[in-house]
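Working notes, beginning with the structure itself.
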Amino acid sequence: MGQVALTGAFAGLSLFDNSTPSSFDPSASSLLSRTTQGTLANLGNTNSGGSISSGCPLGDVFYIAGSFSSIGNVSANYVASYSPSSGTFSSVGSNGPNGPVTAVYCDVPNNNLWVGGHFSSPGSSVAVWNTKSNSWSAPPFKGLSGENAQVLSITSNTSSSSLFFAGSFVTSFAGNTTSVNNTNNPNVPYSPGASPFSSSLVPIPLQNAEIEAAPSSTNPEYSNIQTILCPAGSDGPGNTWLAQDGSSALISILTFSSISAYGVRLGNTFIDGYGTTGFSVTSIPDNTVQTLSYVDISTGQNNTCTDLCPLSTDSSVLYQDFLFSSPVTLTGVQITLSEWTGAAPGLHMMQLLSSGAFVSAIADGNTQSCFAPNPSNVTSTGTWTTKDASTDIPATLQTVLVSTVAVGTPAAQAPSFTWMPYVSAAGQYDINMIIPGCADFQDCDLRTSVQVTVFPGGGTQPYVSTVSQQNQDDTTVLLYSGPVVPSSSTFELTVTMALADSPVGSGQNGEYELVAGNLELTLTSANLTSSSGSTSSGTNSSASTGVLHGFGFFEWPLDSSTSFDATGTVPASGETFLDGVGVELYNALGASVSGSVEVSAVIQHSSGVLFLGGNFESSAGFSNIVAFKNGSVVALTNNGLNGAVSSFALDGNDLYIGGSFSDTQAPSMQGKLRGIAVYHVDSNSWGALGAGLDGPVTSVALSNSSQLQVVGNFTEALSPGNIASSVGGLAVWDISSGSWINSGGFVLGNMTFVSPSTSVGGKTEFQFVAGNIQSMAEYGSTGFVMLSNGADGPVITPISVQLDANTNASTVSTVNRRREHRARGPVSWFSQHMKAALIHRQQSSSLTLPPSPPTPAPAVLAGAFWSNASSSKEVAIIGGNFTFVSASGSVSQAVAIYDPSSSTINALPGSQVYGVVRALLVDSEQHLYVGGEFNLSSANGFAIYDLGAQEWLTSTQPLQAASGTPIVRSISNSAYKPNAVIVAGSFNQVGSVTCQAICLLDTQLNQWSVLGGGIQGDISSVSYAGSNEEFLVAGGAITLPNGTTTSVAQYSFSNATWTAVGNPTDIPGPVTALEVNDGNSSSIFAAGRTTDGSSPFMVFWDGISWSDIGTTLQGNSNISQLLMVPLQNTHSPNSVVESDRMLLVSGSLSDNSFGSASSVLFDGETFIPYISSLSAQGTMGFVSALFYSIANFSFVQQHFLATGIVILISIAIAAGVVFFLALVGIVWTLLSRRDDGAAKYDSSDEDKDSIQHRPSSLLEHINAATRTTILGTGAFNVSTEKEEMAREGGSAEPDPFGPDGSNYLRAETPSDAVVGTMAAAEEYSRPAHARYAFDGTEEGELPLTVGLEVEVLDDRDAAWWYVRNPQTGQEGVVPAAYLY
């Protein structure tokens, strides 16, 4: 319990702190740190004109690169390091890059920092810093070149074994071929347990096979063998099969057809306590235990095994391929898992590898293989029918397609059949046609010869052959042997069969029969060299030199031992399979590979597909982004994007893309891809992030909390319906909820870089952000934050959702002014030995409230906490001038319910409030009172909502104003008047009741009534005085029934009379904020603006006269709230504010000494700047109010109230500089959180005199410790006689600076007051029962079970009651709504 929140019109908040820079030069670049909660801190700035473009962590430091000559006041050219442990910057060696650096990569295993950019030394556009030798060098390939060559991106492949360089440069390769160079097939997930050869073999689809695994685990999440044929996710439930504990396992796969297989692919499980270590494979139907060859993970050498083959238990090995000595024709296999680790064997992946590739003549037989984008396919002309025949293999059936054609029909008019097998990787293949024997089908007389044409691709000419189908027995005919290009969106291997030009045989009954069976491709070599540039739109190779050119991409294997000069011609030994990307780009872009054309981002998907983004466009049909798969550059759906791409971030199958675009090249997304988009790799489709951003994106990164961080030159994030949220250059997309959320910090500027989540030197995980900053706030939140207690200081928790502008409310535009944020010392008010100076008198008897301070939307102006009995949660209800997208996706406004535990926001079910909400109150009957300047059905300015029934109450009479809309500024209740709510503001009538400015609503009778004789004018603020709140104190512009005009008036509930507080002319203008110090009517603070509106004022009533205490505030200051808050540590005592508390002054405040602030603390003598805030435009923000969940907080509690109730604000003031060590919260353990050392009161231990020694007030220690140090014999010098009278309940003269003397006892020592219980002399109780169960797990809370009888010891707070369990004697607080 005891939650605290701060509201206002702001986009960001910061605590005043001199330890970090608070001003920014927008022409320089700043490096910020960002915690996992989003809190921002400035680490350092570059020289003016500098920029930061990239960074990465290596060891204990974070490396930063860009175009700068200094950072953090340290001289460093282009590259620097930052140490989080010391908080210092350092230069990185000497003889480093001599030009701007735009990309970095931290190679952790080798302790190398790779940098790329536009420089010539120590390498051309690429350089390497070795952290062991502390030296710079050129890369092993010397660098990259071309006209204005520049490297813009350095990333790694999925296995981190190769580096990808992207940018604007040209490469040259020897010969007109591109070598695979021992690189595994990029179209399957990489595993060190596979070879280039085995990874090229297409897995046989087993969806239609009969698969049995026994014995299986009894856990249903691990007992389905089908889930491991092509696992949909990582090793775990639903993607892994386990055997029964303590048992070996036998897995049988029966295909019921003849297939050609080359081996098996097995992936071990790494679930704790399970794993296979030994297995064997038996082929069916010959029941032969196969000898398998495999790659030894530890040595990289090929080994063989038979009866017991090892399966790696290294979790970095996704799978291992085990190959037969040659392709085997079989109908199934048995896999025996005979040895294991832990409880039982198990597998995460199991596949049967084909001989290379395959295609069935029967379309239904062509199911999709694992890792294949699509299945093999067939097409035909003419009429084809199925024909079945038995085979020599038991339980198998041979099915083919046949078509008849009249003898003498020309080949061009005869039926034809085309096979299109899916080929995963380029290589040397044998293409075989399986022709079933005519004897089995009994159609030998019908058979003839056919012409077969093979199109292998890669520029190879079609291969044509004539094949006889008159064979008696099944036969396999080799159609083609040679290189084959893999399948892609632009090419498919085709094998076409038609009637031969001169068919053999005479036919039967005047007809020939054509037979279409299966095709099998047998891979003979994966070390293919194939022609590149098949999609060329320009000239690439030179006939005389055989040199191929590439653009914008280069791959470097990190384990390569070769060395060459890539600024010249790369030898064949230095080429890789993926270097074909650059060649393909060069071919596709042709002569346009100069000027602004560039590749700025590259990333590899787990399937091996490579995505490249930048600024380029090709007549081949792609723009700004392409994919490279199956050896070819492929256009993305709708031809890519209509603007340049700057950065990538990959989350599973979702590729997040940042840049300066708005839609796909062929428009398909209604312009919702503004600056940011997502491409779903698995479905080849585009998706939007809300409706995008209002400016270009420069960098994107993922955090470990499933969030995408986006930075750039923008100010707003757009939701569906174009609802705009202020984000100021740093936006966060929550992947799980699919919405823009609060980033946690606020920065306004042109941001250039954001890093993924990182942990440097073992420090807490965080991110780095950089850019040219105009303004920054430590915490980012739109108008509302939660405050809590932290071990090392204040914890400010921004709401995770975004509040937006309320388009239906009339807003006041903010005043445009220069923001000064200078963290300086406290402002002296006056010496404690000086008497208060006289202040200017009011010049007129007529008062008018000043206009409300500027609160442009989104602004939160009011709040209240509510304990939801149905969910057992305490939530915050906020009101103001805003709109929001609720958790259900609907757009609502003005009032919202925020659940801090789930970080969700929802609207009140029912009608919407149209306008601005300025006041909220929740009572014990779960009624929400809403006040402001709005319309709601028949209600104007005031409405009641039943939170339990979730509906607006319509029986309340409406407010009326003499002109315009009534305005409610305050809704409150008094302990003296139960079942009553006081509504105050600007109105003159409620229904038929004339009650101007303030009116009382009897909540039981639902009747309005006037307070006393009524008043005239307007009221802005209401507070209460007296031990039981028997006095109401109102501030505003008030005319009393006797005609007196005043700014502060007091109403006595007991005699129903209004009186002015002090001499009205001592207050220089109407009051906008008011606070009664802990119910003491002789200690009142008021603030407002002078009658002429020229300046603010703040005054103090000491029971005798008003005195000015705010003379140093500048004219543009506005005070919205005054609130007395307790302290953890005491301050120096004075006659205005007791030493255990301070006055929190909130609004928009300016002072010559501390600059600007939104909240300051006043200790009776000095203003101490506390919180500053920023608007979305970077100007000074506005704090409206602080609210908390304890309805009737008092500094002096009685009747069993705990002592650990102080608002923990810790302040240190040294050398005149304010440095906040901790606001250990405006956190309330207010009625419940006892100190660990708090003494428990036990009446059995009390003797008749013990009451004389039991403290009852936190003020006791102030009087005991400072009784002789206060000036003269002031209000704190209370006589022993008065103490005795207080103990006896007698009357005494009121203490002008504290509660009525009869309400509390003096403590003997400060420790008595701090630690002792605040029980009064007499205790009372009444019985009650629990309506609901309450877990009571927090400190000071009491658990409840339904029906439990308890004793209510204190029920003065409307929300929380202090009770005792008579069965156990335990005491604590419980929600009042839970009792009856």
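Residue numbers start at 1 in each chain; chains themselves are named A, B, ... in the order of the structure tokens; ligands are numbered from 1 in the order shown.
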ask   = Could you name the residues that touch Val602 of chain A at 10 Å or less, counting only C-alpha atoms, but leaving out those on the same chain fewer than 5 positions away, as a list in words?
value =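 So, after excluding close chain neighbours, the residues are Leu152, Ser153, Ile154, Thr155, Ser156, Asn157, Phe164, Phe165, Ala166, Gly167, Phe553, Leu610, Phe611, Leu612, Gly613, Gly614, Ile625, Val626, Ala627, Ser646, Ser647, Phe648 and Ala649 of chain A.
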inquiry  = Based on the backbone DSSP call, show me all residues of segment 848-914 of chain A assigned strand (DSSP E or B), as a VMD selection string.
reply    = chain A and resid 859 to 868 873 to 885 891 to 899 904 to 906 914
key: Proximity to Phe1187 of chain A - best of A:Ile897, A:Ala5, A:Met1124, A:Val74, only C-alpha atoms   =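 Selected residue with least distance to Phe1187 of chain A: A:Ala5.
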key: Residue contacts of Ser53 of chain A (8 Å, only C-alpha atoms) excluding same-chain residues fewer than 2 positions away, as a VMD selection string   = chain A and resid 51 55 64 to 67 101 to 103 752 to 753 770
How would the residues just chosen look if you wrote them out with C-alpha atoms as a PDB file, in the first residue's frame?
ATOM      1  CA  SER A  51      29.194  13.165 -34.379  1.00  0.00           C
ATOM      2  CA  GLY A  55      29.827   1.626 -30.899  1.00  0.00           C
ATOM      3  CA  ILE A  64      32.697   4.728 -29.710  1.00  0.00           C
ATOM      4  CA  ALA A  65      33.377   5.850 -33.264  1.00  0.00           C
ATOM      5  CA  GLY A  66      32.382   8.728 -35.487  1.00  0.00           C
ATOM      6  CA  SER A  67      33.743  12.048 -36.634  1.00  0.00           C
ATOM      7  CA  VAL A 101      34.655   6.053 -38.774  1.00  0.00           C
ATOM      8  CA  THR A 102      31.071   4.964 -39.437  1.00  0.00           C
ATOM      9  CA  ALA A 103      31.033   1.293 -38.392  1.00  0.00           C
ATOM     10  CA  THR A 752      22.334   8.839 -34.595  1.00  0.00           C
ATOM     11  CA  PHE A 753      23.038   5.572 -32.803  1.00  0.00           C
ATOM     12  CA  ALA A 770      24.154   8.957 -29.112  1.00  0.00           C
TER      13      ALA A 770
END
inquiry  = Applying 6 Å and only C-alpha atoms, which residues near segment 251-260 of chain A remain after dropping the ones on its own chain fewer than 6 positions away? List them as an MDAnalysis selection string.
reply    = chainID A and resid 209:213 328:335 355 396
Keeping N, CA and C atoms, export the residues of the selection given above as a PDB file, in the first residue's frame.
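What follows is the written file selection-v7.pdb:
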ATOM      1  N   ALA A 209       4.999 -40.140 -43.847  1.00  0.00           N
ATOM      2  CA  ALA A 209       5.601 -41.414 -43.450  1.00  0.00           C
ATOM      3  C   ALA A 209       4.986 -41.895 -42.130  1.00  0.00           C
ATOM      4  N   GLU A 210       5.159 -43.181 -41.885  1.00  0.00           N
ATOM      5  CA  GLU A 210       4.735 -43.750 -40.610  1.00  0.00           C
ATOM      6  C   GLU A 210       5.944 -43.751 -39.675  1.00  0.00           C
ATOM      7  N   ILE A 211       5.838 -42.996 -38.594  1.00  0.00           N
ATOM      8  CA  ILE A 211       6.965 -42.844 -37.670  1.00  0.00           C
ATOM      9  C   ILE A 211       6.503 -43.266 -36.282  1.00  0.00           C
ATOM     10  N   GLU A 212       7.251 -44.166 -35.694  1.00  0.00           N
ATOM     11  CA  GLU A 212       6.964 -44.622 -34.342  1.00  0.00           C
ATOM     12  C   GLU A 212       8.225 -44.485 -33.494  1.00  0.00           C
ATOM     13  N   ALA A 213       8.047 -44.028 -32.259  1.00  0.00           N
ATOM     14  CA  ALA A 213       9.167 -43.883 -31.327  1.00  0.00           C
ATOM     15  C   ALA A 213       8.735 -44.454 -29.993  1.00  0.00           C
ATOM     16  N   VAL A 328      21.749 -44.740 -50.741  1.00  0.00           N
ATOM     17  CA  VAL A 328      21.147 -46.051 -50.520  1.00  0.00           C
ATOM     18  C   VAL A 328      19.668 -45.979 -50.879  1.00  0.00           C
ATOM     19  N   THR A 329      19.207 -46.948 -51.666  1.00  0.00           N
ATOM     20  CA  THR A 329      17.793 -47.024 -51.981  1.00  0.00           C
ATOM     21  C   THR A 329      17.107 -47.817 -50.869  1.00  0.00           C
ATOM     22  N   LEU A 330      16.134 -47.203 -50.253  1.00  0.00           N
ATOM     23  CA  LEU A 330      15.491 -47.845 -49.115  1.00  0.00           C
ATOM     24  C   LEU A 330      14.040 -47.391 -49.014  1.00  0.00           C
ATOM     25  N   THR A 331      13.317 -48.025 -48.087  1.00  0.00           N
ATOM     26  CA  THR A 331      11.928 -47.636 -47.825  1.00  0.00           C
ATOM     27  C   THR A 331      11.752 -47.110 -46.401  1.00  0.00           C
ATOM     28  N   GLY A 332      12.809 -47.086 -45.649  1.00  0.00           N
ATOM     29  CA  GLY A 332      12.729 -46.572 -44.293  1.00  0.00           C
ATOM     30  C   GLY A 332      14.014 -46.832 -43.536  1.00  0.00           C
ATOM     31  N   VAL A 333      14.065 -46.354 -42.291  1.00  0.00           N
ATOM     32  CA  VAL A 333      15.223 -46.571 -41.434  1.00  0.00           C
ATOM     33  C   VAL A 333      14.744 -46.787 -40.004  1.00  0.00           C
ATOM     34  N   GLN A 334      15.618 -47.411 -39.216  1.00  0.00           N
ATOM     35  CA  GLN A 334      15.426 -47.513 -37.781  1.00  0.00           C
ATOM     36  C   GLN A 334      16.621 -46.857 -37.099  1.00  0.00           C
ATOM     37  N   ILE A 335      16.341 -45.975 -36.150  1.00  0.00           N
ATOM     38  CA  ILE A 335      17.395 -45.286 -35.391  1.00  0.00           C
ATOM     39  C   ILE A 335      17.291 -45.747 -33.942  1.00  0.00           C
ATOM     40  N   SER A 355      19.575 -37.920 -51.568  1.00  0.00           N
ATOM     41  CA  SER A 355      20.853 -38.003 -52.286  1.00  0.00           C
ATOM     42  C   SER A 355      21.266 -36.657 -52.841  1.00  0.00           C
ATOM     43  N   THR A 396       5.148 -52.010 -50.595  1.00  0.00           N
ATOM     44  CA  THR A 396       5.362 -50.755 -51.325  1.00  0.00           C
ATOM     45  C   THR A 396       4.597 -50.801 -52.629  1.00  0.00           C
TER      46      THR A 396
END
ask   = So which residues touch Leu446 of chain A within 12 Å, counting only C-alpha atoms, skipping near sequence neighbours fewer than 5 positions away, as a PyMOL selection string?
value = chain A and resi 402-407+438-439+441+468-471+503-515
inquiry  = Here is a test: counting only C-alpha atoms, which residue of A:Gln912, A:Asn881, A:Thr1112, A:Gln707 is nearest to Gly38 of chain A?
reply    =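 Nearest to Gly38 of chain A: A:Gln707.
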